[in-house]
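Visitor: This one is start_33.txt, compact mmCIF, C-alpha atoms.
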```txt
# COMPACT_ATOMS: atom_id res chain seq x y z
CA MET A 91 28.08 -6.65 -30.50
CA GLN A 92 24.85 -6.47 -28.47
CA ASN A 93 22.01 -4.20 -29.56
CA ASN A 94 20.07 -2.09 -27.08
CA SER A 95 17.33 -4.68 -26.47
CA GLU A 96 19.88 -7.44 -25.82
CA SER A 97 21.87 -5.19 -23.47
CA GLN A 98 18.70 -4.31 -21.54
CA GLU A 99 17.72 -7.97 -21.29
CA THR A 100 21.15 -8.83 -19.91
CA PHE A 101 20.93 -5.98 -17.39
CA ASP A 102 17.46 -7.11 -16.31
CA GLN A 103 18.68 -10.66 -15.72
CA GLN A 104 21.75 -9.61 -13.77
CA HIS A 105 19.93 -7.07 -11.61
CA GLU A 106 16.64 -8.87 -10.89
CA TYR A 107 15.93 -7.70 -7.34
CA ILE A 108 13.79 -10.44 -5.81
CA THR A 109 16.11 -13.34 -6.66
CA TYR A 110 19.26 -11.23 -6.35
CA GLY A 111 20.55 -13.08 -3.27
CA ARG A 112 21.28 -16.17 -5.34
CA ARG A 113 23.81 -14.29 -7.49
CA PHE A 114 26.41 -14.29 -4.71
CA ASN A 115 28.93 -17.13 -4.50
CA SER A 116 28.49 -17.21 -0.74
CA TYR A 117 24.74 -17.93 -1.02
CA ARG A 118 23.41 -20.95 0.83
CA TRP A 119 19.72 -21.60 1.36
CA TYR A 120 20.03 -21.70 5.16
CA LYS A 121 21.97 -18.44 5.59
CA PRO A 122 18.88 -16.17 5.40
CA ILE A 123 17.46 -18.13 8.34
CA LEU A 124 20.56 -17.31 10.39
CA VAL A 125 20.29 -13.65 9.36
CA GLY A 126 16.62 -13.59 10.35
CA VAL A 127 17.19 -15.15 13.76
CA LEU A 128 20.09 -12.83 14.58
CA THR A 129 18.14 -9.79 13.36
CA ALA A 130 15.21 -10.67 15.64
CA ILE A 131 17.52 -11.23 18.63
CA PHE A 132 19.42 -7.96 18.13
CA ALA A 133 16.20 -5.97 17.69
CA MET A 134 14.62 -7.56 20.76
CA VAL A 135 17.65 -6.81 22.93
CA VAL A 136 17.68 -3.16 21.85
CA VAL A 137 13.92 -2.71 22.35
CA ILE A 138 13.94 -4.32 25.80
CA GLY A 139 16.92 -2.17 26.77
CA ALA A 140 15.15 0.93 25.45
CA ILE A 141 12.04 0.12 27.49
CA PHE A 142 14.03 -0.18 30.72
CA ALA A 143 15.94 3.00 29.90
CA SER A 144 12.68 4.84 29.16
CA ILE A 145 11.22 3.71 32.47
CA ALA A 146 14.33 4.89 34.31
CA LEU A 147 14.25 8.27 32.55
CA GLY A 148 10.51 8.71 33.02
CA PHE A 149 9.66 8.77 29.30
CA LEU A 150 6.88 6.20 29.77
CA SER A 151 4.95 8.13 32.38
CA ASP A 152 2.76 9.88 29.81
CA VAL A 153 2.73 7.21 27.10
CA LYS A 154 -0.60 5.80 26.00
CA PRO A 155 -0.90 2.00 25.67
CA LEU A 156 1.65 0.52 23.32
CA LEU A 157 0.75 -0.67 19.84
CA LEU A 158 1.04 -4.35 20.72
CA GLN A 159 -1.31 -3.91 23.67
CA THR A 160 -4.25 -2.20 21.99
CA GLY A 161 -3.76 -2.49 18.24
CA TYR A 162 -3.94 0.87 16.51
CA ASP A 163 -6.57 2.34 18.82
CA ASN A 164 -4.90 5.05 20.95
CA MET A 165 -1.51 4.54 19.27
CA ASP A 166 0.88 7.16 20.63
CA VAL A 167 3.11 8.98 18.14
CA SER A 168 3.07 12.32 19.99
CA SER A 169 5.07 11.83 23.19
CA VAL A 170 8.80 11.14 23.37
CA GLY A 171 8.27 7.66 24.81
CA GLY A 172 5.51 6.81 22.36
CA ILE A 173 7.55 7.83 19.33
CA LEU A 174 10.68 6.03 20.51
CA LEU A 175 8.87 2.81 21.35
CA ASN A 176 6.14 2.59 18.70
CA LEU A 177 8.29 3.90 15.84
CA GLY A 178 11.86 3.48 17.08
CA GLY A 179 11.06 -0.08 18.11
CA LEU A 180 10.65 -0.87 14.41
CA ALA A 181 13.39 1.44 13.12
CA VAL A 182 15.92 -0.64 15.06
CA PHE A 183 15.49 -3.42 12.50
CA ILE A 184 17.71 -1.49 10.08
CA PRO A 185 20.90 -1.70 12.18
CA ALA A 186 19.85 -5.15 13.44
CA LEU A 187 19.66 -6.50 9.88
CA TRP A 188 22.96 -4.82 8.99
CA LEU A 189 24.72 -6.38 11.99
CA ALA A 190 23.23 -9.81 11.28
CA ALA A 191 24.33 -9.63 7.63
CA GLU A 192 27.84 -8.63 8.71
CA ILE A 193 28.09 -11.60 11.06
CA VAL A 194 26.68 -14.25 8.71
CA ARG A 195 28.49 -12.73 5.71
CA ASP A 196 26.19 -14.32 3.17
CA ARG A 197 26.14 -11.14 1.06
CA PRO A 198 26.64 -7.36 1.39
CA PHE A 199 23.99 -5.39 3.24
CA SER A 200 23.80 -3.11 0.19
CA SER A 201 22.21 -5.97 -1.75
CA TYR A 202 19.13 -5.69 0.47
CA SER A 203 18.85 -2.00 -0.49
CA SER A 204 18.90 -2.65 -4.23
CA SER A 205 20.41 -4.79 -6.97
CA ARG A 206 22.00 -1.63 -8.39
CA GLY A 207 24.79 -1.30 -5.84
CA GLY A 208 23.09 0.04 -2.72
CA TRP A 209 20.70 2.77 -1.61
CA ASN A 210 20.44 5.61 -4.14
CA TRP A 211 19.44 8.92 -2.52
CA LYS A 212 18.81 10.56 -5.89
CA ILE A 213 16.22 7.95 -6.82
CA PHE A 214 14.70 8.09 -3.34
CA GLY A 215 14.31 11.87 -3.45
CA LYS A 216 12.60 11.81 -6.84
CA CYS A 217 10.27 8.99 -5.80
CA LEU A 218 9.40 10.73 -2.53
CA LEU A 219 8.21 13.83 -4.38
CA ILE A 220 6.01 11.66 -6.60
CA ALA A 221 4.74 9.69 -3.59
CA ILE A 222 3.75 12.84 -1.70
CA VAL A 223 1.45 13.78 -4.60
CA THR A 224 0.07 10.34 -5.48
CA VAL A 225 -0.03 8.72 -2.02
CA GLY A 226 0.37 11.40 0.66
CA ILE A 227 -2.30 13.85 -0.53
CA PRO A 228 -4.96 11.12 -0.99
CA ALA A 229 -4.12 9.88 2.54
CA VAL A 230 -4.74 13.39 3.90
CA ILE A 231 -8.05 13.65 2.04
CA SER A 232 -9.13 10.24 3.30
CA ASN A 233 -8.24 11.15 6.90
CA LEU A 234 -10.19 14.41 6.69
CA MET A 235 -13.38 12.44 6.08
CA GLU A 236 -13.38 11.54 9.79
CA PRO A 237 -11.71 14.39 11.71
CA GLY A 238 -10.10 14.04 15.13
CA ASP A 239 -10.56 16.07 18.30
CA GLY A 240 -8.51 19.06 17.14
CA VAL A 241 -6.12 18.89 20.11
CA ASN A 242 -2.45 19.45 19.21
CA ARG A 243 -0.26 16.95 21.05
CA LEU A 244 3.05 17.79 19.40
CA THR A 245 5.77 20.07 20.73
CA VAL A 246 8.60 21.38 18.58
CA PHE A 247 10.85 18.62 19.89
CA THR A 248 8.37 15.77 19.40
CA PHE A 249 7.52 17.10 15.91
CA LEU A 250 11.20 16.90 14.97
CA LEU A 251 11.56 13.48 16.62
CA LEU A 252 8.52 12.23 14.70
CA THR A 253 9.96 13.65 11.47
CA VAL A 254 13.10 11.53 11.99
CA MET A 255 11.68 8.36 13.50
CA GLY A 256 8.58 8.09 11.27
CA PRO A 257 10.48 7.69 7.98
CA LEU A 258 13.01 5.38 9.65
CA GLN A 259 10.15 3.17 10.83
CA CYS A 260 8.78 2.99 7.28
CA ILE A 261 12.17 2.23 5.75
CA ALA A 262 12.81 -0.42 8.42
CA GLU A 263 9.56 -2.17 7.48
CA GLU A 264 10.64 -2.07 3.84
CA TYR A 265 13.99 -3.66 4.75
CA LEU A 266 12.14 -6.32 6.71
CA PHE A 267 9.31 -7.14 4.29
CA ARG A 268 10.40 -5.92 0.83
CA ALA A 269 14.06 -6.85 1.33
CA PHE A 270 14.64 -9.67 3.81
CA PHE A 271 11.40 -11.63 3.40
CA LEU A 272 10.93 -10.84 -0.29
CA GLN A 273 14.49 -11.71 -1.30
CA THR A 274 14.67 -14.75 0.99
CA LEU A 275 11.50 -16.21 -0.52
CA GLY A 276 12.70 -15.22 -3.98
CA SER A 277 16.01 -16.99 -3.49
CA TRP A 278 14.27 -20.13 -2.23
CA PHE A 279 11.47 -20.46 -4.78
CA LYS A 280 13.04 -18.51 -7.67
CA ILE A 281 9.53 -17.34 -8.64
CA PRO A 282 9.16 -13.57 -7.97
CA ILE A 283 5.34 -13.55 -7.93
CA VAL A 284 5.27 -16.20 -5.18
CA ALA A 285 7.72 -14.16 -3.09
CA ILE A 286 5.67 -10.99 -3.58
CA VAL A 287 2.40 -12.64 -2.54
CA VAL A 288 3.77 -14.50 0.49
CA SER A 289 5.74 -11.50 1.78
CA ALA A 290 2.61 -9.33 1.39
CA VAL A 291 0.59 -11.83 3.43
CA ILE A 292 3.24 -11.73 6.18
CA PHE A 293 3.20 -7.92 6.01
CA ALA A 294 -0.60 -7.79 6.38
CA ALA A 295 -0.56 -10.32 9.24
CA GLY A 296 1.67 -7.96 11.24
CA HIS A 297 -0.90 -5.14 11.22
CA PRO A 298 -3.72 -5.43 13.81
CA TYR A 299 -6.53 -3.85 11.77
CA SER A 300 -10.11 -4.82 10.98
CA MET A 301 -10.75 -6.91 7.85
CA ALA A 302 -10.88 -3.84 5.58
CA GLY A 303 -7.64 -2.59 7.11
CA VAL A 304 -5.88 -5.92 6.67
CA LEU A 305 -7.01 -6.10 3.04
CA SER A 306 -5.73 -2.57 2.51
CA VAL A 307 -2.33 -3.46 3.98
CA LEU A 308 -2.26 -6.67 1.92
CA ALA A 309 -2.87 -4.64 -1.24
CA SER A 310 -0.12 -2.21 -0.25
CA GLY A 311 2.26 -5.11 0.34
CA LEU A 312 1.50 -6.53 -3.10
CA ILE A 313 1.83 -3.17 -4.85
CA TRP A 314 5.01 -2.19 -3.00
CA GLY A 315 6.45 -5.64 -3.74
CA PHE A 316 5.91 -5.08 -7.45
CA THR A 317 7.32 -1.57 -7.02
CA ALA A 318 10.51 -2.99 -5.50
CA LYS A 319 10.80 -5.51 -8.34
CA ILE A 320 10.26 -2.92 -11.06
CA SER A 321 12.61 -0.34 -9.51
CA ARG A 322 15.18 -2.98 -8.45
CA GLY A 323 15.35 -1.67 -4.91
CA LEU A 324 13.69 -0.23 -1.83
CA GLU A 325 13.86 3.50 -2.59
CA ALA A 326 10.54 3.68 -4.46
CA SER A 327 8.54 1.45 -2.10
CA SER A 328 10.03 3.26 0.92
CA ALA A 329 8.96 6.61 -0.53
CA ALA A 330 5.36 5.42 -0.89
CA HIS A 331 5.39 3.92 2.61
CA ILE A 332 6.71 7.17 4.10
CA ALA A 333 4.20 9.37 2.26
CA ASN A 334 1.33 7.18 3.45
CA ASN A 335 2.37 6.84 7.09
CA MET A 336 3.69 10.34 7.70
CA ALA A 337 0.49 11.94 6.41
CA THR A 338 -1.39 10.06 9.12
CA PHE A 339 1.25 10.51 11.84
CA TYR A 340 1.34 14.28 11.44
CA MET A 341 -2.45 14.51 11.37
CA MET A 342 -2.66 12.37 14.51
CA GLY A 343 -0.15 14.59 16.29
CA PHE A 344 -2.06 17.75 15.41
CA GLY A 345 -5.39 16.21 16.44
CA MET A 346 -6.73 16.15 12.88
CA VAL A 347 -7.46 12.41 12.90
CA ASN A 348 -7.77 9.59 15.43
CA LEU A 349 -6.16 6.37 14.22
CA THR A 350 -8.31 3.30 14.78
CA ALA A 351 -8.03 -0.40 14.00
CA ASP A 352 -11.56 -0.28 12.53
CA VAL A 353 -10.76 0.86 8.98
CA ARG A 354 -13.63 1.99 6.76
CA VAL A 355 -14.15 0.49 3.30
CA THR A 356 -13.84 3.97 1.76
CA ASP A 357 -10.41 4.37 3.38
CA MET A 358 -9.37 0.98 1.98
CA ILE A 359 -10.46 1.98 -1.54
CA PHE A 360 -8.67 5.34 -1.25
CA SER A 361 -5.47 3.66 -0.08
CA ILE A 362 -5.45 0.95 -2.75
CA ALA A 363 -6.22 3.46 -5.51
CA ALA A 364 -3.41 5.77 -4.37
CA ASP A 365 -0.85 2.96 -4.18
CA PHE A 366 -1.91 1.67 -7.59
CA LEU A 367 -1.61 5.14 -9.10
CA TYR A 368 1.91 5.38 -7.69
CA LEU A 369 2.80 1.99 -9.19
CA ILE A 370 1.52 3.12 -12.59
CA VAL A 371 3.75 6.20 -12.41
CA ILE A 372 6.76 4.02 -11.50
CA ILE A 373 6.03 1.71 -14.43
CA ILE A 374 5.82 4.69 -16.80
CA LEU A 375 9.10 6.07 -15.45
CA THR A 376 10.73 2.67 -15.92
CA ARG A 377 9.75 2.67 -19.58
CA LYS A 378 10.44 6.34 -20.32
CA THR A 379 13.56 6.98 -18.24
CA HIS A 380 16.62 5.10 -17.00
CA TRP A 381 16.25 5.97 -13.31
CA PHE A 382 16.34 2.37 -12.17
CA ASP A 383 19.08 1.23 -14.53
CA GLU A 384 21.83 3.25 -12.84
CA GLU A 385 24.47 1.16 -11.11
CA ILE A 386 25.30 3.69 -8.44
CA GLY A 387 26.44 2.66 -4.98
CA GLY A 388 25.00 4.20 -1.86
CA ILE A 389 24.77 3.07 1.75
CA ALA A 390 26.60 -0.24 2.07
```
Will you turn the file into structure tokens for me?

Guide:
Amino acid sequence: MQNNSESQETFDQQHEYITYGRRFNSYRWYKPILVGVLTAIFAMVVVIGAIFASIALGFLSDVKPLLLQTGYDNMDVSSVGGILLNLGGLAVFIPALWLAAEIVRDRPFSSYSSSRGGWNWKIFGKCLLIAIVTVGIPAVISNLMEPGDGVNRLTVFTFLLLTVMGPLQCIAEEYLFRAFFLQTLGSWFKIPIVAIVVSAVIFAAGHPYSMAGVLSVLASGLIWGFTAKISRGLEASSAAHIANNMATFYMMGFGMVNLTADVRVTDMIFSIAADFLYLIVIIILTRKTHWFDEEIGGIA
């Protein structure tokens, strides 16, 4: 009969998140490549279609330059077109990855969400409350150090649209970087730390900031990668990502801050400290509670 320490060790081995893809009988090293290619194609088709539809419906008439055109300077998260393209253009990676996984059939989509049986809303809700305090509030304080123009650009409708699309954009990035890339690299190299570092570098490379901004994003990628490993899923890292981004998105919409690609060193320090504090709380919870040991299914 196993004692508690042996049972926990067995659970840890069976539910290791980063290398979890290798546990499936259908795993083959090349299948993640097929999933990645199909995901990119599906997302591109949807985004291009959305752009043409937005042009036809007139949603782009009042949209500031898109993110890929100008970096983060003048990023638009206040108009309908801006929210749909800048945030929805990333959110589409969630259904794109799901569809690609269904076609390739290398493993269930739920295994990207966690190694506990899928997305757990209970865990996500608890982590989001913690993230608002440890990550969201520091982000607000940091943003207030350099106030915006004070012009409110949000309507009731765009506020609600931002409230939906903003978190979806954050979760989509977690599925892309802390699920697909992290688990793919983990399954190839079978060394979690290598997967965390490389996926964080890829994450940072996709953000057009100044050097301080890139270093800040790199640190977030590393910390959120460890968060995903410790919590055995995306719920905790997604909560931190949402708390960080939504604090800035709302403040941008209300004219309280102007987002820029030129990130200050003080902002970088604030961001890294907040993410690290959140990670410490997650580590403490892992040791004191059994939140991340529950094998509860969620979204497949």

Visitor: What's around region 292-309 of chain A at 8 Å? Count only C-alpha atoms, leave out sequence neighbours fewer than 4 positions away in its own chain, and write the answer as a PyMOL selection string.

Guide: chain A and resi 161-162+267+288+313+350-355+358-359+361-362

Visitor: I'd like to know which of A:Ala191, A:Met341, A:Leu272, A:Val291 is closest to Asn242 (chain A), using only C-alpha atoms.

Guide: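 Smallest separation from Asn242 (chain A) among the options: A:Met341.
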
Visitor: Provide the CA of Thr376 (chain A) to CA of Arg268 (chain A) distance in Å, to one decimal place.

Guide: 18.8 Å

Visitor: Just checking: using all atoms listed in the file, which residue out of A:Lys319, A:Arg206, A:Lys216, A:Arg197 ends up closest to Thr109 (chain A)?

Guide: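 Smallest separation from Thr109 (chain A) among the options: A:Lys319.
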
Visitor: What is the CA of Asp239 (chain A)-CA of Met346 (chain A) distance in Å, reported with one decimal?

Guide: 6.6 Å

Visitor: With a distance cut-off of 7 Å and only C-alpha atoms, select the neighbouring residues of region 377-384 of chain A, excluding the residue or stretch itself and same-chain residues fewer than 2 positions from it, and output the selection as a list in words.

Guide: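 Contacts, with the query itself left out: Arg206, Ile213, Ser321, Arg322, Ile373, Ile374, Leu375 and Ile386 of chain A.
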
Visitor: With C-alpha atoms retained, export the selected residues as a compact mmCIF listing (two decimals), in the frame of the given file.

Guide:
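Saved the output as selection_19.txt:
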```txt
# COMPACT_ATOMS: atom_id res chain seq x y z
CA ARG A 206 22.00 -1.63 -8.39
CA ILE A 213 16.22 7.95 -6.82
CA SER A 321 12.61 -0.34 -9.51
CA ARG A 322 15.18 -2.98 -8.45
CA ILE A 373 6.03 1.71 -14.43
CA ILE A 374 5.82 4.69 -16.80
CA LEU A 375 9.10 6.07 -15.45
CA ILE A 386 25.30 3.69 -8.44
```

Visitor: Would you please work out which residue, of A:Leu349, A:Ala337, A:Ala262, A:Ile184, is nearest to Ile231 (chain A) when using only C-alpha atoms?

Guide: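 Closest residue, counting only C-alpha atoms: A:Ala337.
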
Visitor: Rounded to one decimal in Å, what is the spacing between CA of Leu128 (chain A) and CA of Ala190 (chain A)?

Guide: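 These two atoms are separated by 5.5 Å.
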
Visitor: Ranking A:Ala364, A:Val125, A:Ala285, A:Ala229 by minimum distance to Trp188 (chain A) and counting only C-alpha atoms, which one comes first?

Guide: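 Of all the options, A:Val125 lies closest to Trp188 (chain A).
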
Visitor: Name all residues at most 9 Å from Asn335 (chain A) (count only C-alpha atoms; drop same-chain ones fewer than 2 positions away) and give them as a compact mmCIF listing (two decimals) with C-alpha atoms, keeping the file's coordinate frame.

Guide:
```txt
# COMPACT_ATOMS: atom_id res chain seq x y z
CA GLY A 226 0.37 11.40 0.66
CA ALA A 229 -4.12 9.88 2.54
CA GLY A 256 8.58 8.09 11.27
CA PRO A 257 10.48 7.69 7.98
CA CYS A 260 8.78 2.99 7.28
CA ALA A 330 5.36 5.42 -0.89
CA HIS A 331 5.39 3.92 2.61
CA ILE A 332 6.71 7.17 4.10
CA ALA A 333 4.20 9.37 2.26
CA ALA A 337 0.49 11.94 6.41
CA THR A 338 -1.39 10.06 9.12
CA PHE A 339 1.25 10.51 11.84
CA TYR A 340 1.34 14.28 11.44
```
